[in-house]
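Student: Structure below; questions to follow.
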Number of protein chains: 2
Amino acid sequence: MNPIAEKVISGDIRAVARLIRDIDDGMPGVREVLKDIYPHTGKAYIIGITGAPGVGKSTLVDQMVGHLRENGKTVGVLAVDPTSPFSGGAILGDRVRMQRHSLDDGVFIRSLATRGHFGGLTQSTRSAIDVLDAMGKDVVIVETVGVGQDEVDVVKSAHSTVIVVIPGMGDDIQAIKAGILEVGDIFVINKAEREGSDKTLSDLRLMIDMDQKKYEGGRWKPPIIKTQAVFDKGVTDLLKEIENHKKYLEESAEGLFFRRKKEKVREELADMVKQRLIEVVLERIIDSGDFDEAVESVASGKIDPYSACDKLLQSGFEIKPGD
Amino acid sequence: MNPIAEKVISGDIRAVARLIRDIDDGMPGVREVLKDIYPHTGKAYIIGITGAPGVGKSTLVDQMVGHLRENGKTVGVLAVDPTSPFSGGAILGDRVRMQRHSLDDGVFIRSLATRGHFGGLTQSTRSAIDVLDAMGKDVVIVETVGVGQDEVDVVKSAHSTVIVVIPGMGDDIQAIKAGILEVGDIFVINKAEREGSDKTLSDLRLMIDMDQKKYEGGRWKPPIIKTQAVFDKGVTDLLKEIENHKKYLEESAEGLFFRRKKEKVREELADMVKQRLIEVVLERIIDSGDFDEAVESVASGKIDPYSACDKLLQSGFEIKPGD
């Protein structure tokens with residue numbers, strides 16, 4: 001086995017930190033390590049937390065970590081923040097947050113800010129989750145700023161997905177509906193002391209209730225929990241609902257736990273194939289003289305890029321006939 | 001020629017609006033229309049505007065549009081906002097902004113919020129730019145929230161790229177440096193009435209000056225302009241600098257205007273090949289029985305996803321031997 005993989009599995013914090021950094025930086029060689037680690041994953045319970053900037057996700061996660069530690073669970077936290085080129089949020093956040101739990105080696109917190117690498121954020125996050133899982137953490141919390149499809153994909157990797165909103169988001173709840181509502185297992189109204197929290201509650205409930213059919217036959221219906229994370233109010237209720245959801249998945253007649261796993265694998269594998277396809281085939285096409293020639297032809301108006309693209313693809317590789 | 005393409009080229013506003021929506025929604029058939037439109041592009045001057053949320057990009061763009069119209073130019077504006085699933089910003093923004101210029105058919109404003117389609121934001125934005133170009137707009141302004149690599153890619157499509165900051169961003173200027181500084185042709189300090197604008201100016205100047213070598217031999221050195229967009233201050237100075245930059249590109253001994261075009265084509269073509277590769281080959285692999293089998297094997301722990309991925313790629317297609 002790869003010596004780095006061995007260290008990670010034994011819980012060596014420096015090896016883990018280094019590997020996650022290498023994942024974030026898209027370093028070569030990471031793939032081999034992840035391959036060796038993979039058989040040691042699948043033990044952690046993965047919780048996804050997402051919501052708009054400013055809803056208090058970090059505070060909520062910090063409180064959750066505290067309670068999970070009281071219950072004797074070890075916890076890994078991944079804060080995924082792709083907005084950092086401007087905000088610098090990820091790095092600053094890491095520093096502030098490490099302080100509180102810095103003396104507790106049952107907690108491991110890291111940020112990811114990957115951008116621009118093949119495979120991107122989703123793939124990096126999945127790999128980092130695998131690392132925290134393989135190092136032996138009982139629970140892995142993945143926190144993402146809900147700004148795009150990437151983030152939706154990230155939370156799909158979780159066993160239980162928590163969507164955080166705050167009172168007074170009003171019309172925006174309609175906007176959430178688009179991609180996020182379907183992936184939410186539990187909804188949290190944080191900063192519930194603020195005006196409008198009952199309105200937000202009833203809006204959310206209405207939206208969830210609209211899909212009555214989905215919940216027939218005892219299927220999971222997302223609960224809504226009010227929290228005030230800063231005052232540690234409601235956080236244990238949230239953890240209780242996560243526990244309920246876990247039980248639901250495990251005990252479901254349809255084998256939902258395994259089904260979720262399969263769904264996760266399906267997405268992961270599709271993304272991985274996509275990434276390799278780009279690395280292997282695309283790079284090859286771009287490095288070829290044909291590509292430079294095509295660029296010249298398009299730039300000088302001899303051919304449109306769509307036709308040039310078709311020609312390049314035809315010359316680059318051959319699809320094997322289907323079975 | 002495709003009848004929709006014909007309408008777009010003749011400047012039919014409803015056809016243009018419809019086509020841009022179809023691009024944003026990733027509708028099939030769009031590719032054929034774009035193919036027909038492409039020969040009619042290349043006439044518009046494209047300005048990219050980027051910066052963190054809250055720096056006042058929309059206001060700045062609105063004022064720019066006003067002045068460009070006074071000078072008799074027709075203007076297309078594309079507001080690219082991938083953050084909309086939560087903020088709903090794009091749609092709201094469109095409505096508010098359309099009001100001011102709604103009676104002026106020399107102005108066409110649209111938002112893009114694409115997420116989750118193959119090819120993604122960058123490809124959609126490029127296509128939408130082509131549409132506004134082909135419909136006959138003299139100037140196309142592309143405004144993006146600078147939050148990630150996607151946005152950097154988007155502004156790379158522009159002839160002149162404007163980076164907007166506000167006073168007091170302090171440390172964040174260091175963060176900007178990463179991907180954004182290199183693509184900035186002109187820097188704007190908006191809300192310049194605020195405290196700290198001189199500090200921001202000197203910080204930016206220092207950063208730009210660090211690369212003295214880059215500017216040798218009369219190469220373009222990014223100017224920094226203070227604006228107060230709300231009060232329409234400094235906006236004409238900005239437009240003058242954009243005009244200067246345009247002249248610089250056109251008159252450069254090295255043929256920079258064509259070089260920029262070639263760079264743009266290079267990126268566009270590479271992305272397009274990537275997208276087609278994914279559409280054609282990936283879809284084929286995923287639709288095959290082999291893929292389902294692989295998912296099952298990984299989920300039940302018989303194989304790791306990395307090895308499963310390699311096997312799938314080998315079975316899906318064959319790379320032709322290089323020349």
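We name chains A, B, ... following the order of the structure tokens; residues begin at 1 in each chain, and ligands are numbered from 1 as shown.
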Please list as a PyMOL selection string every residue within 9 Å of Ile49 in chain A, counting only C-alpha atoms and excluding residues in the same chain fewer than 3 positions away.
Tutor: chain A and resi 57+61+141-145+155+158+160-164
Student: Which residues are near Phe258 in chain B? Cut-off 12 Å, only C-alpha atoms, ignore same chain within fewer than 4 positions. Put them as a list in words.
Tutor: Val295, Glu296, Val298, Ala299, Ser300 and Gly301 of chain A; Gly42, His159, Leu249, Glu250, Glu251, Ser252, Ala253, Glu254, Lys262, Glu263, Lys264 and Val265 of chain B
Student: May I have the residues from that selection written out with N, CA and C atoms, as a compact mmCIF listing (two decimals), in the first residue's frame?
Tutor:
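File part05.txt, as written:
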```txt
# COMPACT_ATOMS: atom_id res chain seq x y z
N VAL A 295 -7.88 26.55 -34.86
CA VAL A 295 -7.97 27.87 -34.24
C VAL A 295 -7.69 28.95 -35.28
N GLU A 296 -6.65 28.74 -36.05
CA GLU A 296 -6.27 29.68 -37.10
C GLU A 296 -7.41 29.87 -38.11
N VAL A 298 -10.65 29.29 -37.72
CA VAL A 298 -11.83 29.95 -37.15
C VAL A 298 -11.54 31.44 -36.98
N ALA A 299 -10.35 31.77 -36.45
CA ALA A 299 -10.03 33.17 -36.18
C ALA A 299 -9.98 33.99 -37.47
N SER A 300 -9.59 33.36 -38.56
CA SER A 300 -9.52 34.11 -39.82
C SER A 300 -10.81 33.98 -40.63
N GLY A 301 -11.82 33.39 -40.01
CA GLY A 301 -13.14 33.40 -40.64
C GLY A 301 -13.36 32.34 -41.70
N GLY B 42 -18.35 39.34 -34.75
CA GLY B 42 -17.00 39.90 -34.88
C GLY B 42 -17.01 41.40 -35.11
N HIS B 159 -12.85 42.11 -25.29
CA HIS B 159 -11.71 42.85 -25.84
C HIS B 159 -11.03 43.65 -24.74
N LEU B 249 -5.06 48.07 -28.95
CA LEU B 249 -5.16 46.72 -29.52
C LEU B 249 -5.11 46.77 -31.04
N GLU B 250 -5.84 47.75 -31.60
CA GLU B 250 -5.95 47.83 -33.06
C GLU B 250 -4.64 48.25 -33.72
N GLU B 251 -3.91 49.15 -33.02
CA GLU B 251 -2.74 49.74 -33.66
C GLU B 251 -1.43 49.06 -33.29
N SER B 252 -1.50 48.07 -32.38
CA SER B 252 -0.27 47.45 -31.90
C SER B 252 0.48 46.78 -33.05
N ALA B 253 1.79 46.89 -32.99
CA ALA B 253 2.64 46.32 -34.05
C ALA B 253 2.49 44.80 -34.10
N GLU B 254 2.20 44.21 -32.93
CA GLU B 254 2.14 42.75 -32.89
C GLU B 254 0.79 42.19 -33.32
N LYS B 262 -7.69 35.29 -31.53
CA LYS B 262 -7.22 33.92 -31.63
C LYS B 262 -7.24 33.23 -30.26
N GLU B 263 -6.82 33.97 -29.25
CA GLU B 263 -6.87 33.43 -27.89
C GLU B 263 -8.30 33.05 -27.51
N LYS B 264 -9.19 33.96 -27.84
CA LYS B 264 -10.60 33.75 -27.54
C LYS B 264 -11.10 32.51 -28.28
N VAL B 265 -10.77 32.42 -29.56
CA VAL B 265 -11.19 31.27 -30.36
C VAL B 265 -10.60 29.99 -29.79
```
Student: Out of B:Lys261, B:Lys247, B:Thr200, B:Gln314, which residue has the shortest atom-to-atom distance to chain A when counting only C-alpha atoms?
Tutor: B:Lys261
Student: Any idea what the distance is between CA of Leu132 in chain A and CA of Glu293 in chain B?
Tutor: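 Distance between the two atoms: 27.4 Å.
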Student: If we count only C-alpha atoms and set the cut-off at 7 Å, which residues sit around Asp130 in chain A, ignoring sequence neighbours fewer than 3 positions away in its own chain? Please answer as a list in words.
Tutor: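 Listed by chain and then number, they are Tyr38, Thr41, Arg126, Ser127, Asp133 and Ala134 of chain A.
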Student: Give me a file of those residues, with N, CA and C atoms, as an mmCIF file, in the first residue's frame.
Tutor:
```cif
data_model
loop_
_atom_site.group_PDB
_atom_site.id
_atom_site.type_symbol
_atom_site.label_atom_id
_atom_site.label_comp_id
_atom_site.auth_asym_id
_atom_site.auth_seq_id
_atom_site.Cartn_x
_atom_site.Cartn_y
_atom_site.Cartn_z
ATOM 1 N N TYR A 38 -9.724 4.113 -0.664
ATOM 2 C CA TYR A 38 -11.145 3.864 -0.904
ATOM 3 C C TYR A 38 -11.743 2.675 -0.141
ATOM 4 N N THR A 41 -13.229 3.458 3.237
ATOM 5 C CA THR A 41 -14.284 4.457 3.407
ATOM 6 C C THR A 41 -15.626 3.758 3.601
ATOM 7 N N ARG A 126 -15.689 15.272 -2.857
ATOM 8 C CA ARG A 126 -15.917 13.846 -2.645
ATOM 9 C C ARG A 126 -14.648 13.153 -2.167
ATOM 10 N N SER A 127 -13.536 13.486 -2.810
ATOM 11 C CA SER A 127 -12.275 12.868 -2.414
ATOM 12 C C SER A 127 -11.922 13.244 -0.982
ATOM 13 N N ASP A 133 -13.344 10.241 6.053
ATOM 14 C CA ASP A 133 -13.999 8.967 6.337
ATOM 15 C C ASP A 133 -12.930 7.897 6.634
ATOM 16 N N ALA A 134 -11.959 7.789 5.744
ATOM 17 C CA ALA A 134 -10.920 6.756 5.888
ATOM 18 C C ALA A 134 -10.032 6.984 7.108
#
```
Student: Residues within 8 Å of range 229-244 of chain A, please, as a list of chain:residue names. Count only C-alpha atoms; anything in the same chain fewer than 4 positions from it doesn't count.
Tutor: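 What passes the distance filter is A:Gly56, A:Thr59, A:Leu60, A:Gln63, A:Met64, A:His67, A:Ser160, A:Ile186, A:Val188, A:Asn190, A:Lys191, A:Pro223, A:Ile225, A:Tyr248.
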Student: Pull C-alpha atoms from the residues just selected and write them as a compact mmCIF listing (two decimals), in the first residue's frame.
Tutor:
```
# COMPACT_ATOMS: atom_id res chain seq x y z
CA GLY A 56 -25.06 31.28 9.84
CA THR A 59 -21.91 28.86 13.65
CA LEU A 60 -24.46 26.11 13.29
CA GLN A 63 -22.41 24.05 17.66
CA MET A 64 -23.18 20.71 16.04
CA HIS A 67 -22.72 18.41 20.74
CA SER A 160 -28.52 13.64 5.27
CA ILE A 186 -34.12 18.57 6.82
CA VAL A 188 -33.44 24.72 9.31
CA ASN A 190 -31.69 29.78 11.66
CA LYS A 191 -31.70 33.19 13.38
CA PRO A 223 -38.99 18.33 9.00
CA ILE A 225 -36.47 23.12 12.66
CA TYR A 248 -35.14 5.97 8.41
```
Student: Would you list the contacts of Ala15 in chain B as a list in words, taking every protein, DNA or RNA residue within 12 Å and counting only C-alpha atoms, but skipping same-chain residues closer than 5 positions in sequence?
Tutor: Pro3, Ile4, Ala5, Glu6, Lys7, Val8, Ile9, Ser10, Ile20, Arg21, Asp22, Val33, Val131, Leu132 and Met135 of chain B
Student: Keeping only N, CA and C atoms, write those residues as an mmCIF file, in the first residue's frame.
Tutor:
```
data_model
loop_
_atom_site.group_PDB
_atom_site.id
_atom_site.type_symbol
_atom_site.label_atom_id
_atom_site.label_comp_id
_atom_site.auth_asym_id
_atom_site.auth_seq_id
_atom_site.Cartn_x
_atom_site.Cartn_y
_atom_site.Cartn_z
ATOM 1 N N PRO B 3 -34.340 29.966 -40.163
ATOM 2 C CA PRO B 3 -35.197 31.157 -40.073
ATOM 3 C C PRO B 3 -34.991 31.947 -38.782
ATOM 4 N N ILE B 4 -34.682 31.251 -37.681
ATOM 5 C CA ILE B 4 -34.444 31.979 -36.428
ATOM 6 C C ILE B 4 -33.169 32.805 -36.559
ATOM 7 N N ALA B 5 -32.135 32.188 -37.127
ATOM 8 C CA ALA B 5 -30.871 32.891 -37.321
ATOM 9 C C ALA B 5 -31.093 34.146 -38.162
ATOM 10 N N GLU B 6 -31.908 34.011 -39.186
ATOM 11 C CA GLU B 6 -32.201 35.139 -40.073
ATOM 12 C C GLU B 6 -32.839 36.286 -39.288
ATOM 13 N N LYS B 7 -33.816 35.927 -38.453
ATOM 14 C CA LYS B 7 -34.490 36.945 -37.634
ATOM 15 C C LYS B 7 -33.518 37.630 -36.691
ATOM 16 N N VAL B 8 -32.629 36.821 -36.070
ATOM 17 C CA VAL B 8 -31.670 37.375 -35.114
ATOM 18 C C VAL B 8 -30.759 38.381 -35.811
ATOM 19 N N ILE B 9 -30.272 38.009 -36.984
ATOM 20 C CA ILE B 9 -29.349 38.874 -37.712
ATOM 21 C C ILE B 9 -30.028 40.170 -38.142
ATOM 22 N N SER B 10 -31.333 40.075 -38.411
ATOM 23 C CA SER B 10 -32.054 41.288 -38.797
ATOM 24 C C SER B 10 -32.414 42.132 -37.582
ATOM 25 N N ILE B 20 -31.651 33.614 -26.638
ATOM 26 C CA ILE B 20 -30.803 33.698 -25.439
ATOM 27 C C ILE B 20 -31.398 32.839 -24.317
ATOM 28 N N ARG B 21 -32.707 32.858 -24.211
ATOM 29 C CA ARG B 21 -33.343 32.004 -23.202
ATOM 30 C C ARG B 21 -33.065 30.526 -23.493
ATOM 31 N N ASP B 22 -33.163 30.181 -24.765
ATOM 32 C CA ASP B 22 -32.898 28.789 -25.156
ATOM 33 C C ASP B 22 -31.449 28.400 -24.872
ATOM 34 N N VAL B 33 -28.571 26.993 -34.896
ATOM 35 C CA VAL B 33 -28.815 28.430 -35.081
ATOM 36 C C VAL B 33 -27.511 29.207 -34.922
ATOM 37 N N VAL B 131 -24.703 36.284 -30.112
ATOM 38 C CA VAL B 131 -26.047 36.658 -30.546
ATOM 39 C C VAL B 131 -26.207 38.178 -30.560
ATOM 40 N N LEU B 132 -25.760 38.845 -29.477
ATOM 41 C CA LEU B 132 -25.887 40.304 -29.408
ATOM 42 C C LEU B 132 -25.017 40.974 -30.466
ATOM 43 N N MET B 135 -26.763 40.465 -33.833
ATOM 44 C CA MET B 135 -27.982 41.256 -34.005
ATOM 45 C C MET B 135 -27.646 42.704 -34.340
#
```
Student: Could you write out, as a list in words, all the residues of range 141-315 of chain B that DSSP marks as strand (DSSP E)?
Tutor: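 Matching residues, listed in order: Ile141, Val142, Glu143, Thr144, Val145, Ser160, Thr161, Val162, Ile163, Val164, Val165, Ile186, Phe187, Val188, Ile189, Ile224, Ile225 and Lys226 of chain B.
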Student: Could you tell me how far CA of Phe291 in chain B sits from CA of Glu182 in chain A, in Å to one decimal place?
Tutor: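 Those two atoms sit 25.0 Å apart.
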Student: What is the CA of Tyr215 in chain A-CA of Ala52 in chain A distance in Å, reported with one decimal?
Tutor: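 These two atoms are separated by 26.7 Å.
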Student: I'd like the neighbourhood of Asp105 in chain A as a list in words, where a residue qualifies if any of its atoms comes within 12 Å (using only C-alpha atoms), though same-chain residues fewer than 6 positions away should be ignored.
Tutor: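 Counting only C-alpha atoms, the residues come to Gly11, Asp12, Ile13, Arg14, Arg69, Lys73, Thr74, Val75, Gly76, Met98, Gly136 and Lys137 of chain A.
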